[in-house]
Amino acid sequence: MSGSIQTCIAVLLVVLSHVAAKSQQAAPDLVLLNGKIFTSDAAHPYVQALAIRGERITGTGDSAKIRALAGPHTKQIDLGGRTIIPGINDAHNHLSISPPNRMDLQFKSPDPDWPEVKAAIAAAVLKAPKGTFIYGQIAWKIFRDLAVNRDTLDQVAPNNPVILETFTGHAWIVNSAAIARVGIREDQPDPVGGRYERSPKGRLTGVIREYAALNASRSLSDQTSEADALAELGKTLFAAVKWGITTIQDMSNDMPPDRCVALLEKMPTPIRVRVMRMPGTTPAGRDVQEGRPVPRSSNPLITVSGTKWMLDGTPLEGTFAHRNDPATMDYFLLHEQLTFPETEIASMLRESLHDHDQLLLHVSAYPPAAAMLTAMQAEGGAQMWAKQRVRFEHGDGLTPDLIPRVKEMGIVVVQNGIHLAGVEVNPDMGSVLERLKAQPLRSLLVAGIPVALGSDGPTNPYLNIMFASLDPDRPSEAITREQAVIAYTLTSAYAEFAEKDKGSLEPGKLADLAALSQDIFTVDASDLPKTESVLTMVGGKTVYDAKVIPHQ
């Protein structure tokens, strides 16, 4: 055989070997077939099947097309028509830790009065060992009742620290034992943006508001051991994977970022967690150094970015309004006091640019939204801010006149399903919001404003999808279930500058997904909260499997 022929054969063998190797390499590790797969991709919202290799999606389409990609070692799962969605990205969560053995009060009403609360505390005292925390969530009736204070709580529970927290988290009413455990001195000065209320004689009344409450919450978390913190976070994240949540964006108010990262690494977390700085304040000002330098994690599931500040309270507390202020909810939505002077708002914007750090803002009422938009205009306008993706968390006070300005500045609005159901606690909420044309949802999407969804309360995403698709407060602002899922996946990824990597089920993106127990696009709305994931994957790896889908 001549040398030239031998050379040709050798070259051909190399080429064939390369082609075979490439073909084998291209075969997916896993294919999901015969499903109803909602992709969150507007161009191809539904497909039957998808292929995964490593941590990313390599193909989507009909089952025949995807089955043809399978190799001899490809794992196949027949979904049997089950609904698949991109993994839920909870854009507004608060990973919390608390002292062990805390007794949580259960009330018959979402807005209990003092006789009900008093009876519940008295019953808890009989069961709780001395020193055990007693905790309850309250609403308008208790917060507006000036008779409920440190002294009345002391009478019911002299030996147990009692914390009554408004369901918004922006104010506490506590007894003397809680004041001592949290470490608040009788002469403690108010932090910037917070308040310890006092009697005319200067004695603490037990009412703690805004950044004073945030600082107190941080003090409680500091008393929680590592073992107890890991146990509590483990329960939280296990519940998350059972719901098909694959990313949590954590407003880190309970823990400084370095502690949160250390705990998540030690677990380790099964899902992606973005930790966002949410510093407290001191009497001297905002603690801009917390979380600096930004902690880095060797675990690719954990990232740290973004800084959140609270620009106001909520209409329940009226920021720093008197507890029995006769002003209506209309008034608070339109005139609520800011927690910081407007000069601080400009400083927040400059810090965001200097640090190349996304700015997130608690914006509940109209004044802080208007003040921030005005400050953004003064600090460079749309040319500077349109691509910075400044976030308004909640945006309940956005009225029609603000929507064009929100759009111009590239604001991302992160709404929470539970906020859309205020009528469950206060029946007047709906009429007030409708009259003011406030708390927009559908109108934001129509205007082209990115809307993401997060929990900020009950973590169940399907409860929040139900609220978004019904909007009990303003039914005219309800969105479709598909729009709600997109807000909870692709737009939530956009809200953290991650939409190129996750948020939709498209080739090249991370295989973060959930196979659901029922079709959330067709079931009765009242059944949505019953939904769970039966198979949750993060980066192509199964992190939860209810063992109800046969694997081949």
# chains A, B, ... in the order shown; residues from 1 in each chain; ligands from 1
call {"tool": "residues_around", "arguments": {"residues": "Ser526 in chain A", "least_positions_apart": "2", "cutoff": "10 Å", "atoms": "only C-alpha atoms", "output": "JSON list (two decimals) with N, CA and C atoms, in the first residue's frame"}}
result
[["chain", "number", "residue", "atom", "x", "y", "z"],
["A", 463, "LEU", "N", -49.67, 30.41, 45.78],
["A", 463, "LEU", "CA", -50.56, 31.33, 46.48],
["A", 463, "LEU", "C", -50.39, 32.73, 45.90],
["A", 466, "MET", "N", -51.81, 33.00, 42.47],
["A", 466, "MET", "CA", -53.26, 33.14, 42.58],
["A", 466, "MET", "C", -53.64, 34.60, 42.84],
["A", 467, "PHE", "N", -52.95, 35.24, 43.80],
["A", 467, "PHE", "CA", -53.27, 36.63, 44.12],
["A", 467, "PHE", "C", -52.99, 37.54, 42.93],
["A", 523, "VAL", "N", -56.16, 24.77, 36.41],
["A", 523, "VAL", "CA", -56.91, 24.41, 37.62],
["A", 523, "VAL", "C", -57.70, 25.60, 38.12],
["A", 524, "ASP", "N", -58.70, 25.32, 38.91],
["A", 524, "ASP", "CA", -59.47, 26.39, 39.54],
["A", 524, "ASP", "C", -58.53, 27.26, 40.38],
["A", 528, "LEU", "N", -54.90, 26.66, 43.30],
["A", 528, "LEU", "CA", -53.51, 26.97, 43.00],
["A", 528, "LEU", "C", -52.58, 26.80, 44.20],
["A", 529, "PRO", "N", -52.96, 27.26, 45.40],
["A", 529, "PRO", "CA", -52.03, 27.12, 46.53],
["A", 529, "PRO", "C", -51.72, 25.68, 46.90],
["A", 530, "LYS", "N", -52.49, 24.72, 46.40],
["A", 530, "LYS", "CA", -52.22, 23.31, 46.71],
["A", 530, "LYS", "C", -51.08, 22.74, 45.86]]
call {"tool": "residues_around", "arguments": {"residues": "Thr328 in chain A", "least_positions_apart": "3", "cutoff": "12 Å", "atoms": "only C-alpha atoms", "output": "NGL selection string"}}
result
:A and (315-318 or 321 or 324-325 or 331-336 or 428-429 or 432)
call {"tool": "write_last_selection", "arguments": {"atoms": "C-alpha atoms", "output": "compact mmCIF listing (two decimals), in the first residue's frame"}}
result
# COMPACT_ATOMS: atom_id res chain seq x y z
CA PRO A 315 -49.93 52.60 55.40
CA LEU A 316 -50.57 50.33 58.39
CA GLU A 317 -48.06 52.16 60.57
CA GLY A 318 -47.79 55.37 58.56
CA ALA A 321 -47.42 58.64 62.39
CA ASN A 324 -54.08 56.40 66.66
CA ASP A 325 -53.68 59.00 63.91
CA TYR A 331 -53.82 60.09 53.21
CA PHE A 332 -50.99 57.74 54.17
CA LEU A 333 -50.61 56.45 50.61
CA LEU A 334 -50.34 59.99 49.27
CA HIS A 335 -48.52 61.72 52.14
CA GLU A 336 -46.64 59.08 54.13
CA ASP A 428 -61.53 49.13 52.87
CA MET A 429 -58.21 48.57 51.09
CA VAL A 432 -59.07 53.09 48.48
call {"tool": "closest_atom_pairs", "arguments": {"of": "range 292-367 of chain A", "to": "range 278-288 of chain A", "cutoff": "12 Å", "atoms": "only C-alpha atoms", "output": "JSON lines"}}
result
{"residue": "A:Arg292", "atom": "CA", "partner": "A:Val288", "partner_atom": "CA", "distance": 8.1}
{"residue": "A:Pro293", "atom": "CA", "partner": "A:Val288", "partner_atom": "CA", "distance": 10.8}
{"residue": "A:Val294", "atom": "CA", "partner": "A:Val288", "partner_atom": "CA", "distance": 11.7}
{"residue": "A:Val304", "atom": "CA", "partner": "A:Met278", "partner_atom": "CA", "distance": 11.4}
{"residue": "A:Ser305", "atom": "CA", "partner": "A:Met278", "partner_atom": "CA", "distance": 10.6}
{"residue": "A:Gly306", "atom": "CA", "partner": "A:Met278", "partner_atom": "CA", "distance": 8.7}
{"residue": "A:Thr307", "atom": "CA", "partner": "A:Met278", "partner_atom": "CA", "distance": 5.9}
{"residue": "A:Lys308", "atom": "CA", "partner": "A:Met278", "partner_atom": "CA", "distance": 5.0}
{"residue": "A:Trp309", "atom": "CA", "partner": "A:Met278", "partner_atom": "CA", "distance": 6.5}
{"residue": "A:Met310", "atom": "CA", "partner": "A:Met278", "partner_atom": "CA", "distance": 8.9}
{"residue": "A:Thr339", "atom": "CA", "partner": "A:Thr281", "partner_atom": "CA", "distance": 11.1}
{"residue": "A:Phe340", "atom": "CA", "partner": "A:Arg286", "partner_atom": "CA", "distance": 9.6}
{"residue": "A:Pro341", "atom": "CA", "partner": "A:Gly285", "partner_atom": "CA", "distance": 11.1}
{"residue": "A:Glu344", "atom": "CA", "partner": "A:Arg286", "partner_atom": "CA", "distance": 9.0}
{"residue": "A:Ile345", "atom": "CA", "partner": "A:Arg286", "partner_atom": "CA", "distance": 11.3}
{"residue": "A:Ser347", "atom": "CA", "partner": "A:Arg286", "partner_atom": "CA", "distance": 10.5}
{"residue": "A:Met348", "atom": "CA", "partner": "A:Val288", "partner_atom": "CA", "distance": 9.4}
{"residue": "A:Glu351", "atom": "CA", "partner": "A:Val288", "partner_atom": "CA", "distance": 8.9}
{"residue": "A:Ser352", "atom": "CA", "partner": "A:Val288", "partner_atom": "CA", "distance": 10.9}
{"residue": "A:Asp355", "atom": "CA", "partner": "A:Val288", "partner_atom": "CA", "distance": 11.1}
{"residue": "A:Leu359", "atom": "CA", "partner": "A:Met278", "partner_atom": "CA", "distance": 10.6}
{"residue": "A:Leu360", "atom": "CA", "partner": "A:Met278", "partner_atom": "CA", "distance": 9.2}
{"residue": "A:Leu361", "atom": "CA", "partner": "A:Met278", "partner_atom": "CA", "distance": 10.0}
{"residue": "A:His362", "atom": "CA", "partner": "A:Met278", "partner_atom": "CA", "distance": 10.6}
call {"tool": "write_last_selection", "arguments": {"atoms": "C-alpha atoms", "output": "mmCIF file, in the first residue's frame"}}
result
data_model
loop_
_atom_site.group_PDB
_atom_site.id
_atom_site.type_symbol
_atom_site.label_atom_id
_atom_site.label_comp_id
_atom_site.auth_asym_id
_atom_site.auth_seq_id
_atom_site.Cartn_x
_atom_site.Cartn_y
_atom_site.Cartn_z
ATOM 1 C CA ARG A 292 -17.957 45.611 52.699
ATOM 2 C CA PRO A 293 -15.910 44.207 51.193
ATOM 3 C CA VAL A 294 -18.602 42.099 49.555
ATOM 4 C CA VAL A 304 -23.834 38.610 46.972
ATOM 5 C CA SER A 305 -24.921 41.820 45.254
ATOM 6 C CA GLY A 306 -27.257 44.760 45.639
ATOM 7 C CA THR A 307 -28.110 47.033 48.562
ATOM 8 C CA LYS A 308 -31.568 47.756 49.923
ATOM 9 C CA TRP A 309 -32.816 50.737 51.910
ATOM 10 C CA MET A 310 -36.303 51.391 53.276
ATOM 11 C CA THR A 339 -37.640 57.461 56.771
ATOM 12 C CA PHE A 340 -34.684 59.457 55.402
ATOM 13 C CA PRO A 341 -34.219 63.077 54.355
ATOM 14 C CA GLU A 344 -29.804 60.790 51.820
ATOM 15 C CA ILE A 345 -31.719 59.581 48.772
ATOM 16 C CA SER A 347 -26.392 59.802 48.490
ATOM 17 C CA MET A 348 -27.853 56.333 47.925
ATOM 18 C CA GLU A 351 -23.125 55.146 46.274
ATOM 19 C CA SER A 352 -24.832 52.780 43.853
ATOM 20 C CA ASP A 355 -19.833 50.781 43.965
ATOM 21 C CA LEU A 359 -29.957 49.821 44.354
ATOM 22 C CA LEU A 360 -33.123 48.311 45.835
ATOM 23 C CA LEU A 361 -35.651 50.496 47.609
ATOM 24 C CA HIS A 362 -38.615 49.749 49.823
#
call {"tool": "closest_atom_pairs", "arguments": {"of": "range 76-170 of chain A", "to": "range 502-510 of chain A", "cutoff": "9 Å", "atoms": "only C-alpha atoms", "output": "JSON lines"}}
result
{"residue": "A:Ile85", "atom": "CA", "partner": "A:Leu505", "partner_atom": "CA", "distance": 7.9}
{"residue": "A:Pro86", "atom": "CA", "partner": "A:Ser504", "partner_atom": "CA", "distance": 5.6}
{"residue": "A:Gly87", "atom": "CA", "partner": "A:Gly503", "partner_atom": "CA", "distance": 7.2}
{"residue": "A:Ile88", "atom": "CA", "partner": "A:Gly503", "partner_atom": "CA", "distance": 8.0}
{"residue": "A:Asn89", "atom": "CA", "partner": "A:Gly503", "partner_atom": "CA", "distance": 7.5}
call {"tool": "residues_around", "arguments": {"residues": "Ala484 in chain A", "least_positions_apart": "3", "cutoff": "8 Å", "atoms": "only C-alpha atoms", "output": "ChimeraX atom specification"}}
result
/A:453,465,468-469,479-481,487-488
call {"tool": "write_last_selection", "arguments": {"atoms": "C-alpha atoms", "output": "tab-separated table (two decimals), in the first residue's frame"}}
result
chain	number	residue	atom	x	y	z
A	453	LEU	CA	-42.71	38.73	41.79
A	465	ILE	CA	-49.63	33.53	41.53
A	468	ALA	CA	-51.57	38.14	41.05
A	469	SER	CA	-54.07	36.52	38.68
A	479	ILE	CA	-52.68	39.59	35.16
A	480	THR	CA	-52.82	36.19	33.50
A	481	ARG	CA	-51.25	33.15	35.10
A	487	ALA	CA	-42.79	37.66	36.41
A	488	TYR	CA	-41.77	34.93	38.89
call {"tool": "residues_around", "arguments": {"residues": "Val425 in chain A", "least_positions_apart": "6", "cutoff": "9 Å", "atoms": "only C-alpha atoms", "output": "list in words"}}
result
Ser109, Pro110, Asp111, Ala139 and Trp140 of chain A
call {"tool": "write_last_selection", "arguments": {"atoms": "C-alpha atoms", "output": "mmCIF file, in the first residue's frame"}}
result
data_model
loop_
_atom_site.group_PDB
_atom_site.id
_atom_site.type_symbol
_atom_site.label_atom_id
_atom_site.label_comp_id
_atom_site.auth_asym_id
_atom_site.auth_seq_id
_atom_site.Cartn_x
_atom_site.Cartn_y
_atom_site.Cartn_z
ATOM 1 C CA SER A 109 -58.726 36.743 63.010
ATOM 2 C CA PRO A 110 -56.072 38.260 60.716
ATOM 3 C CA ASP A 111 -56.703 41.509 62.585
ATOM 4 C CA ALA A 139 -52.571 44.379 62.331
ATOM 5 C CA TRP A 140 -54.601 47.572 62.596
#
call {"tool": "closest_residue", "arguments": {"among": "A:Ile549, A:Val182, A:Val390, A:Ala120", "to": "Gln76 in chain A", "atoms": "only C-alpha atoms"}}
result
A:Ile549
call {"tool": "residues_around", "arguments": {"residues": "range 437-443 of chain A", "least_positions_apart": "4", "cutoff": "10 Å", "atoms": "only C-alpha atoms", "output": "number ranges by chain"}}
result
A: 330, 333-334, 364-366, 394-401, 403, 413, 415, 419-420, 430-433, 447-449, 451, 468-469, 471, 473-480, 483
call {"tool": "select_by_dssp", "arguments": {"residues": "range 415-543 of chain A", "states": "strand (DSSP E or B)", "output": "list of chain:residue names"}}
result
A:Gln415, A:Asn416, A:Val451, A:Ala452, A:Leu453, A:Gly454, A:Leu510, A:Leu513, A:Ala514, A:Ala515, A:Leu516, A:Ser533, A:Val534, A:Leu535, A:Thr536, A:Met537, A:Val538, A:Lys541, A:Thr542, A:Val543
